[in-house]
Amino acid sequence: ILPQDDVAGPAPRHQTTQVMVGNVAVGGGAPIVVQSMTNTDTADVDGTIAQVAALSRAGSEMVRITVDREEAAAAVPHIRDGLRKRGITTPLIGDFHYIGHKLLAEYPDCAEALDKYRINPGNVGFKNKRDTQFADIIEIANKNNKPVRIGANWGSLDQELLTKLMDENTASANPRDARAVTREAMVQSALLSAARAQELGMPKNRIILSAKVSAVQDLIAVYQEVVRRSDYAIHLGLTEAGMGSKGIVASSAALGILLQQGIGDTIRISLTPEPGGDRTLEVQVAQELLQTMGFRTFVPLVAACPGCGRTTSTTFQELARSIQDFIRDEMPAWKTKYPGVEQLNVAVMGCIVNGPGESKHANIGISLPGTGEAPAAPVFVDGKKFRTLRGPGIAADFKALVIDYIDQ
Ligand code: SF4
């Protein structure tokens, strides 16, 4: 028997300064927060309300909207009102680039309605006016008691800072490769901007930092360095992660490693949606990443075997999918009705090889008949055989048993 110390686990969370974003705590030991971003035109009030509502219903605990022009800034208070009327209080974050200082100054209702402002230190203003424009945003944030996220991004890095570091590197005795200098520029861009915000009177408990890169190894290195040098609350995300499985794998690999090292207070999985695809997938992936790593629980987990030549038909895949979708769809209602329901483990297995064993580990599990087995599906509850289901109604019968189990 292995001693308890040999059981691997995540490193202790990096101690950061807690920031309140609306009613949500970020950092300072608070649960890791899931956030997402809309892709509607913010000037489209109804469309944006609908998408924020969908993201929020899917479990996004904060939602960012772009505020890129006057029409968008003018729409923000109406979006906030519309959400309130629907009973949605999810904090709204305004994403500002280039002219954020102007929009926030000219649309005070927008500045008031948002719960946090995202500033990109690489494009907050135009050359040599940058500091004034950055200062303007910080002043408005201070006046409204709003936190900011200072979000450096590999794709819009502060060119002045990068050039300065490149020149210093070339002149140094031991020059490093250009990629290492770019990583350093990312770290410094975030940290110097945060220090400047503090000089301008913004307290540390209203500053969140991010430094997003699109390459996994660079992202890990940059965030490790940011937290080594500071204790600001940290927003994690791999930028431009990509579409489909590539985006999910790259984000999970990068964020999984950082989270395991105790780094990260809030996460966003940035996925490029398939045409007509569901924006809420990024929320689902973020939740599943945190849940599979044991940081939080959001929805009951469905364990399912991959299926193989022993699975007799598509019944097994259909049942696994339908149980998973059923649980996810019911969760918003279940969460209120059954506190703790997210701890539930369900197993849907394809044959007798691993079916009964895995089902016994779950709270409730079903082992479907494989090739050559009798057409019967034993159901296990709390480790013991409970009932055997047969016939064409197995899926509906099993869902009913799941509901009975939760009810009890
Ligand atoms: Fe195949 Fe059975 Fe294993 Fe599922 S449990 S992968 S059906 S052997």
# chains A, B, ... in the order shown; residues from 1 in each chain; ligands from 1
>>> residues_near_ligand(ligand="ligand 1", cutoff="8 Å", atoms="only C-alpha atoms and all ligand atoms", output="tab-separated table (two decimals) with all heavy atoms, in the first residue's frame")
chain	number	residue	atom	x	y	z
A	304	ALA	N	-18.03	6.53	-19.38
A	304	ALA	CA	-18.49	5.61	-20.43
A	304	ALA	C	-17.27	4.97	-21.06
A	304	ALA	O	-16.24	5.64	-21.24
A	304	ALA	CB	-19.30	6.36	-21.49
A	305	CYS	N	-17.36	3.68	-21.36
A	305	CYS	CA	-16.22	3.04	-22.01
A	305	CYS	C	-16.21	3.47	-23.49
A	305	CYS	O	-17.20	3.97	-24.00
A	305	CYS	CB	-16.30	1.52	-21.87
A	305	CYS	SG	-17.55	0.76	-22.92
A	306	PRO	N	-15.07	3.29	-24.17
A	306	PRO	CA	-15.02	3.76	-25.55
A	306	PRO	C	-15.84	2.89	-26.50
A	306	PRO	O	-16.12	3.30	-27.63
A	306	PRO	CB	-13.53	3.68	-25.91
A	306	PRO	CG	-12.95	2.68	-24.96
A	306	PRO	CD	-13.77	2.76	-23.71
A	307	GLY	N	-16.24	1.71	-26.06
A	307	GLY	CA	-16.90	0.76	-26.97
A	307	GLY	C	-15.85	0.06	-27.80
A	307	GLY	O	-14.73	0.55	-27.97
A	308	CYS	N	-16.17	-1.12	-28.28
A	308	CYS	CA	-15.22	-1.89	-29.10
A	308	CYS	C	-16.01	-2.93	-29.87
A	308	CYS	O	-17.24	-2.85	-29.95
A	308	CYS	CB	-14.15	-2.53	-28.22
A	308	CYS	SG	-14.81	-3.82	-27.15
A	309	GLY	N	-15.33	-3.94	-30.41
A	309	GLY	CA	-16.02	-4.97	-31.17
A	309	GLY	C	-16.99	-5.78	-30.33
A	309	GLY	O	-17.81	-6.54	-30.87
A	310	ARG	N	-16.94	-5.64	-29.02
A	310	ARG	CA	-17.87	-6.38	-28.17
A	310	ARG	C	-19.21	-5.65	-28.00
A	310	ARG	O	-20.16	-6.22	-27.47
A	310	ARG	CB	-17.25	-6.62	-26.78
A	310	ARG	CG	-16.01	-7.48	-26.80
A	310	ARG	CD	-15.46	-7.63	-25.40
A	310	ARG	NE	-16.38	-8.38	-24.56
A	310	ARG	CZ	-16.33	-9.69	-24.36
A	310	ARG	NH1	-15.38	-10.41	-24.94
A	310	ARG	NH2	-17.20	-10.29	-23.58
A	311	THR	N	-19.25	-4.37	-28.38
A	311	THR	CA	-20.53	-3.66	-28.26
A	311	THR	C	-21.41	-4.09	-29.43
A	311	THR	O	-20.99	-4.04	-30.58
A	311	THR	CB	-20.34	-2.12	-28.27
A	311	THR	OG1	-19.27	-1.83	-29.13
A	311	THR	CG2	-20.05	-1.57	-26.92
A	349	MET	N	-21.83	1.59	-19.59
A	349	MET	CA	-20.76	0.71	-20.08
A	349	MET	C	-21.30	-0.27	-21.14
A	349	MET	O	-22.48	-0.60	-21.15
A	349	MET	CB	-20.17	-0.07	-18.90
A	349	MET	CG	-19.57	0.82	-17.83
A	349	MET	SD	-18.09	1.72	-18.39
A	349	MET	CE	-16.93	0.38	-18.57
A	350	GLY	N	-20.36	-0.74	-21.98
A	350	GLY	CA	-20.77	-1.47	-23.17
A	350	GLY	C	-20.83	-2.97	-23.06
A	350	GLY	O	-21.45	-3.62	-23.92
A	351	CYS	N	-20.21	-3.59	-22.06
A	351	CYS	CA	-20.29	-5.06	-21.97
A	351	CYS	C	-19.85	-5.53	-20.59
A	351	CYS	O	-19.45	-4.73	-19.74
A	351	CYS	CB	-19.49	-5.72	-23.09
A	351	CYS	SG	-17.74	-5.92	-22.69
A	352	ILE	N	-19.83	-6.83	-20.44
A	352	ILE	CA	-19.58	-7.44	-19.13
A	352	ILE	C	-18.12	-7.34	-18.68
A	352	ILE	O	-17.82	-7.47	-17.49
A	352	ILE	CB	-20.06	-8.92	-19.17
A	352	ILE	CG1	-20.29	-9.45	-17.77
A	352	ILE	CG2	-19.06	-9.78	-19.92
A	352	ILE	CD1	-21.00	-10.80	-17.78
A	353	VAL	N	-17.18	-7.04	-19.65
A	353	VAL	CA	-15.76	-7.05	-19.29
A	353	VAL	C	-15.48	-6.03	-18.18
A	353	VAL	O	-14.97	-6.38	-17.11
A	353	VAL	CB	-14.85	-6.78	-20.52
A	353	VAL	CG1	-13.40	-6.66	-20.09
A	353	VAL	CG2	-14.99	-7.89	-21.54
A	354	ASN	N	-15.78	-4.77	-18.45
A	354	ASN	CA	-15.57	-3.74	-17.43
A	354	ASN	C	-16.88	-3.14	-16.92
A	354	ASN	O	-16.86	-2.31	-16.02
A	354	ASN	CB	-14.72	-2.59	-18.00
A	354	ASN	CG	-13.29	-3.01	-18.24
A	354	ASN	OD1	-12.74	-3.81	-17.49
A	354	ASN	ND2	-12.69	-2.50	-19.30
A	355	GLY	N	-18.00	-3.53	-17.53
A	355	GLY	CA	-19.28	-2.90	-17.21
A	355	GLY	C	-19.67	-2.99	-15.75
A	355	GLY	O	-19.84	-1.96	-15.08
A	370	GLY	N	-23.05	-7.01	-24.26
A	370	GLY	CA	-22.13	-7.07	-25.39
A	370	GLY	C	-22.42	-8.28	-26.25
A	370	GLY	O	-23.36	-9.05	-25.98
>>> select_by_dssp(residues="segment 72-196 of chain A", states="helix (DSSP H, G or I)", output="JSON, numbers by chain")
{"A": [72, 73, 74, 75, 76, 77, 78, 79, 80, 81, 82, 83, 84, 85, 100, 101, 102, 103, 104, 105, 106, 108, 109, 110, 111, 112, 113, 130, 131, 132, 133, 134, 135, 136, 137, 138, 139, 140, 141, 142, 143, 154, 155, 156, 159, 160, 161, 162, 163, 164, 165, 166, 167, 168, 169, 170, 171, 178, 179, 180, 181, 182, 183, 184, 185, 186, 187, 188, 189, 190, 191, 192, 193, 194, 195, 196]}
>>> select_by_dssp(residues="segment 119-312 of chain A", states="strand (DSSP E or B)", output="MDAnalysis selection string")
chainID A and resid 119 148:153 207:212 233:236 243 266:267 272 301:304 311
>>> residues_around(residues="Glu240 of chain A", least_positions_apart="4", cutoff="8 Å", atoms="only C-alpha atoms", output="ChimeraX atom specification")
/A:213-214,270-272
>>> write_last_selection(atoms="N, CA, C and O atoms", output="short mmCIF file (atom, residue, chain, number, x, y, z; two decimals), in the first residue's frame")
data_model
loop_
_atom_site.label_atom_id
_atom_site.label_comp_id
_atom_site.auth_asym_id
_atom_site.auth_seq_id
_atom_site.Cartn_x
_atom_site.Cartn_y
_atom_site.Cartn_z
N VAL A 213 -0.80 33.69 -24.85
CA VAL A 213 0.06 33.30 -25.95
C VAL A 213 -0.64 32.13 -26.64
O VAL A 213 -1.45 31.44 -26.02
N SER A 214 -0.34 31.90 -27.92
CA SER A 214 -1.04 30.81 -28.61
C SER A 214 -0.25 29.50 -28.62
O SER A 214 -0.77 28.47 -29.04
N SER A 270 -10.65 29.54 -25.08
CA SER A 270 -11.02 30.30 -26.29
C SER A 270 -11.09 29.36 -27.48
O SER A 270 -10.05 29.00 -28.02
N LEU A 271 -12.29 28.96 -27.84
CA LEU A 271 -12.44 28.05 -28.98
C LEU A 271 -13.04 28.80 -30.16
O LEU A 271 -13.96 29.60 -29.98
N THR A 272 -12.53 28.53 -31.34
CA THR A 272 -13.16 29.07 -32.55
C THR A 272 -14.36 28.18 -32.83
O THR A 272 -14.19 26.98 -33.06
#
>>> residues_around(residues="segment 220-227 of chain A", least_positions_apart="3", cutoff="7 Å", atoms="only C-alpha atoms", output="VMD selection string")
chain A and resid 183 187 211 216 to 217 230 to 231 254 258
>>> write_last_selection(atoms="C-alpha atoms", output="JSON list (two decimals), in the first residue's frame")
[["chain", "number", "residue", "atom", "x", "y", "z"],
["A", 183, "ARG", "CA", 8.20, 36.01, -23.60],
["A", 187, "VAL", "CA", 5.66, 39.31, -18.70],
["A", 211, "ALA", "CA", -0.58, 37.18, -20.56],
["A", 216, "VAL", "CA", 1.47, 25.92, -25.22],
["A", 217, "GLN", "CA", 5.10, 25.88, -24.00],
["A", 230, "SER", "CA", 3.83, 38.97, -8.41],
["A", 231, "ASP", "CA", 0.73, 38.04, -6.47],
["A", 254, "ALA", "CA", -1.62, 24.34, -21.28],
["A", 258, "LEU", "CA", -0.59, 25.55, -15.00]]
>>> residues_around(residues="Met37 of chain A", least_positions_apart="2", cutoff="7 Å", atoms="only C-alpha atoms", output="PDB file with C-alpha atoms, in the first residue's frame")
ATOM      1  CA  ASN A  39     -19.222  36.699 -30.360  1.00  0.00           C
ATOM      2  CA  VAL A  63     -19.096  36.964 -19.476  1.00  0.00           C
ATOM      3  CA  ARG A  64     -16.981  39.357 -21.543  1.00  0.00           C
ATOM      4  CA  ILE A  65     -18.454  41.433 -24.343  1.00  0.00           C
TER       5      ILE A  65
END
>>> residues_around(residues="Val285 of chain A", least_positions_apart="3", cutoff="12 Å", atoms="only C-alpha atoms", output="ChimeraX atom specification")
/A:34-36,58-60,244-245,247-252,255-256,267-271,279-282,288-292,298-299
>>> closest_residue(among="A:Gly94, A:Gly357, A:Gly242, A:Pro275", to="Ala215 of chain A", atoms="only C-alpha atoms")
A:Gly242
>>> decode(residues="segment 48-64 of chain A", atoms="all heavy atoms", output="PDB file, in the first residue's frame")
ATOM      1  N   THR A  48     -27.123  39.967 -28.066  1.00  0.00           N
ATOM      2  CA  THR A  48     -26.099  39.839 -27.025  1.00  0.00           C
ATOM      3  C   THR A  48     -26.714  39.360 -25.715  1.00  0.00           C
ATOM      4  O   THR A  48     -26.148  38.495 -25.029  1.00  0.00           O
ATOM      5  CB  THR A  48     -25.349  41.180 -26.842  1.00  0.00           C
ATOM      6  OG1 THR A  48     -24.803  41.550 -28.114  1.00  0.00           O
ATOM      7  CG2 THR A  48     -24.231  41.067 -25.829  1.00  0.00           C
ATOM      8  N   ILE A  49     -27.906  39.885 -25.390  1.00  0.00           N
ATOM      9  CA  ILE A  49     -28.586  39.397 -24.171  1.00  0.00           C
ATOM     10  C   ILE A  49     -28.808  37.886 -24.285  1.00  0.00           C
ATOM     11  O   ILE A  49     -28.543  37.125 -23.348  1.00  0.00           O
ATOM     12  CB  ILE A  49     -29.943  40.118 -23.960  1.00  0.00           C
ATOM     13  CG1 ILE A  49     -29.704  41.566 -23.546  1.00  0.00           C
ATOM     14  CG2 ILE A  49     -30.798  39.399 -22.921  1.00  0.00           C
ATOM     15  CD1 ILE A  49     -30.969  42.411 -23.458  1.00  0.00           C
ATOM     16  N   ALA A  50     -29.273  37.445 -25.464  1.00  0.00           N
ATOM     17  CA  ALA A  50     -29.575  36.015 -25.632  1.00  0.00           C
ATOM     18  C   ALA A  50     -28.303  35.180 -25.456  1.00  0.00           C
ATOM     19  O   ALA A  50     -28.324  34.129 -24.811  1.00  0.00           O
ATOM     20  CB  ALA A  50     -30.192  35.766 -27.013  1.00  0.00           C
ATOM     21  N   GLN A  51     -27.183  35.667 -26.006  1.00  0.00           N
ATOM     22  CA  GLN A  51     -25.970  34.850 -25.885  1.00  0.00           C
ATOM     23  C   GLN A  51     -25.386  34.885 -24.473  1.00  0.00           C
ATOM     24  O   GLN A  51     -24.927  33.856 -23.963  1.00  0.00           O
ATOM     25  CB  GLN A  51     -24.908  35.281 -26.904  1.00  0.00           C
ATOM     26  CG  GLN A  51     -23.865  34.196 -27.060  1.00  0.00           C
ATOM     27  CD  GLN A  51     -22.865  34.496 -28.155  1.00  0.00           C
ATOM     28  OE1 GLN A  51     -22.078  35.420 -28.055  1.00  0.00           O
ATOM     29  NE2 GLN A  51     -22.883  33.704 -29.212  1.00  0.00           N
ATOM     30  N   VAL A  52     -25.431  36.049 -23.818  1.00  0.00           N
ATOM     31  CA  VAL A  52     -24.952  36.097 -22.424  1.00  0.00           C
ATOM     32  C   VAL A  52     -25.814  35.153 -21.577  1.00  0.00           C
ATOM     33  O   VAL A  52     -25.298  34.402 -20.737  1.00  0.00           O
ATOM     34  CB  VAL A  52     -24.999  37.537 -21.851  1.00  0.00           C
ATOM     35  CG1 VAL A  52     -24.660  37.540 -20.360  1.00  0.00           C
ATOM     36  CG2 VAL A  52     -24.043  38.456 -22.610  1.00  0.00           C
ATOM     37  N   ALA A  53     -27.124  35.168 -21.826  1.00  0.00           N
ATOM     38  CA  ALA A  53     -28.031  34.300 -21.060  1.00  0.00           C
ATOM     39  C   ALA A  53     -27.678  32.829 -21.303  1.00  0.00           C
ATOM     40  O   ALA A  53     -27.642  32.024 -20.362  1.00  0.00           O
ATOM     41  CB  ALA A  53     -29.477  34.576 -21.444  1.00  0.00           C
ATOM     42  N   ALA A  54     -27.389  32.478 -22.570  1.00  0.00           N
ATOM     43  CA  ALA A  54     -27.060  31.075 -22.881  1.00  0.00           C
ATOM     44  C   ALA A  54     -25.741  30.677 -22.218  1.00  0.00           C
ATOM     45  O   ALA A  54     -25.618  29.580 -21.649  1.00  0.00           O
ATOM     46  CB  ALA A  54     -26.968  30.889 -24.394  1.00  0.00           C
ATOM     47  N   LEU A  55     -24.757  31.569 -22.263  1.00  0.00           N
ATOM     48  CA  LEU A  55     -23.449  31.260 -21.652  1.00  0.00           C
ATOM     49  C   LEU A  55     -23.608  31.143 -20.142  1.00  0.00           C
ATOM     50  O   LEU A  55     -23.025  30.251 -19.502  1.00  0.00           O
ATOM     51  CB  LEU A  55     -22.434  32.350 -22.008  1.00  0.00           C
ATOM     52  CG  LEU A  55     -22.000  32.378 -23.478  1.00  0.00           C
ATOM     53  CD1 LEU A  55     -21.266  33.680 -23.814  1.00  0.00           C
ATOM     54  CD2 LEU A  55     -21.091  31.182 -23.803  1.00  0.00           C
ATOM     55  N   SER A  56     -24.407  32.035 -19.601  1.00  0.00           N
ATOM     56  CA  SER A  56     -24.618  32.026 -18.162  1.00  0.00           C
ATOM     57  C   SER A  56     -25.356  30.746 -17.740  1.00  0.00           C
ATOM     58  O   SER A  56     -24.984  30.083 -16.765  1.00  0.00           O
ATOM     59  CB  SER A  56     -25.416  33.282 -17.838  1.00  0.00           C
ATOM     60  OG  SER A  56     -25.801  33.298 -16.545  1.00  0.00           O
ATOM     61  N   ARG A  57     -26.355  30.373 -18.515  1.00  0.00           N
ATOM     62  CA  ARG A  57     -27.111  29.144 -18.220  1.00  0.00           C
ATOM     63  C   ARG A  57     -26.189  27.920 -18.332  1.00  0.00           C
ATOM     64  O   ARG A  57     -26.303  26.971 -17.569  1.00  0.00           O
ATOM     65  CB  ARG A  57     -28.292  29.031 -19.194  1.00  0.00           C
ATOM     66  CG  ARG A  57     -29.197  27.851 -18.929  1.00  0.00           C
ATOM     67  CD  ARG A  57     -30.345  27.810 -19.934  1.00  0.00           C
ATOM     68  NE  ARG A  57     -30.733  26.441 -20.215  1.00  0.00           N
ATOM     69  CZ  ARG A  57     -31.553  25.717 -19.472  1.00  0.00           C
ATOM     70  NH1 ARG A  57     -32.085  26.237 -18.391  1.00  0.00           N
ATOM     71  NH2 ARG A  57     -31.843  24.479 -19.799  1.00  0.00           N
ATOM     72  N   ALA A  58     -25.247  27.975 -19.260  1.00  0.00           N
ATOM     73  CA  ALA A  58     -24.322  26.849 -19.422  1.00  0.00           C
ATOM     74  C   ALA A  58     -23.314  26.786 -18.276  1.00  0.00           C
ATOM     75  O   ALA A  58     -22.613  25.789 -18.119  1.00  0.00           O
ATOM     76  CB  ALA A  58     -23.588  26.974 -20.755  1.00  0.00           C
ATOM     77  N   GLY A  59     -23.201  27.870 -17.485  1.00  0.00           N
ATOM     78  CA  GLY A  59     -22.312  27.825 -16.322  1.00  0.00           C
ATOM     79  C   GLY A  59     -21.196  28.860 -16.350  1.00  0.00           C
ATOM     80  O   GLY A  59     -20.305  28.825 -15.505  1.00  0.00           O
ATOM     81  N   SER A  60     -21.244  29.794 -17.310  1.00  0.00           N
ATOM     82  CA  SER A  60     -20.216  30.829 -17.320  1.00  0.00           C
ATOM     83  C   SER A  60     -20.484  31.783 -16.157  1.00  0.00           C
ATOM     84  O   SER A  60     -21.567  32.351 -16.057  1.00  0.00           O
ATOM     85  CB  SER A  60     -20.257  31.582 -18.648  1.00  0.00           C
ATOM     86  OG  SER A  60     -19.191  32.485 -18.707  1.00  0.00           O
ATOM     87  N   GLU A  61     -19.482  31.966 -15.307  1.00  0.00           N
ATOM     88  CA  GLU A  61     -19.694  32.759 -14.089  1.00  0.00           C
ATOM     89  C   GLU A  61     -19.382  34.235 -14.301  1.00  0.00           C
ATOM     90  O   GLU A  61     -19.672  35.078 -13.450  1.00  0.00           O
ATOM     91  CB  GLU A  61     -18.849  32.167 -12.958  1.00  0.00           C
ATOM     92  CG  GLU A  61     -19.368  30.782 -12.587  1.00  0.00           C
ATOM     93  CD  GLU A  61     -18.365  29.912 -11.865  1.00  0.00           C
ATOM     94  OE1 GLU A  61     -17.217  29.773 -12.353  1.00  0.00           O
ATOM     95  OE2 GLU A  61     -18.723  29.382 -10.813  1.00  0.00           O
ATOM     96  N   MET A  62     -18.746  34.552 -15.436  1.00  0.00           N
ATOM     97  CA  MET A  62     -18.536  35.939 -15.864  1.00  0.00           C
ATOM     98  C   MET A  62     -18.562  35.889 -17.389  1.00  0.00           C
ATOM     99  O   MET A  62     -18.162  34.878 -17.973  1.00  0.00           O
ATOM    100  CB  MET A  62     -17.168  36.467 -15.427  1.00  0.00           C
ATOM    101  CG  MET A  62     -16.915  36.395 -13.934  1.00  0.00           C
ATOM    102  SD  MET A  62     -15.528  37.401 -13.370  1.00  0.00           S
ATOM    103  CE  MET A  62     -14.139  36.472 -13.957  1.00  0.00           C
ATOM    104  N   VAL A  63     -19.050  36.954 -18.006  1.00  0.00           N
ATOM    105  CA  VAL A  63     -19.096  36.964 -19.476  1.00  0.00           C
ATOM    106  C   VAL A  63     -18.512  38.287 -19.977  1.00  0.00           C
ATOM    107  O   VAL A  63     -18.868  39.362 -19.490  1.00  0.00           O
ATOM    108  CB  VAL A  63     -20.533  36.789 -20.011  1.00  0.00           C
ATOM    109  CG1 VAL A  63     -20.546  36.867 -21.539  1.00  0.00           C
ATOM    110  CG2 VAL A  63     -21.131  35.452 -19.563  1.00  0.00           C
ATOM    111  N   ARG A  64     -17.611  38.163 -20.952  1.00  0.00           N
ATOM    112  CA  ARG A  64     -16.981  39.357 -21.543  1.00  0.00           C
ATOM    113  C   ARG A  64     -17.665  39.684 -22.853  1.00  0.00           C
ATOM    114  O   ARG A  64     -18.024  38.787 -23.627  1.00  0.00           O
ATOM    115  CB  ARG A  64     -15.490  39.057 -21.757  1.00  0.00           C
ATOM    116  CG  ARG A  64     -14.677  40.208 -22.283  1.00  0.00           C
ATOM    117  CD  ARG A  64     -13.198  40.027 -21.922  1.00  0.00           C
ATOM    118  NE  ARG A  64     -12.716  38.676 -22.166  1.00  0.00           N
ATOM    119  CZ  ARG A  64     -11.769  38.362 -23.064  1.00  0.00           C
ATOM    120  NH1 ARG A  64     -11.247  39.308 -23.830  1.00  0.00           N
ATOM    121  NH2 ARG A  64     -11.347  37.117 -23.197  1.00  0.00           N
TER     122      ARG A  64
END
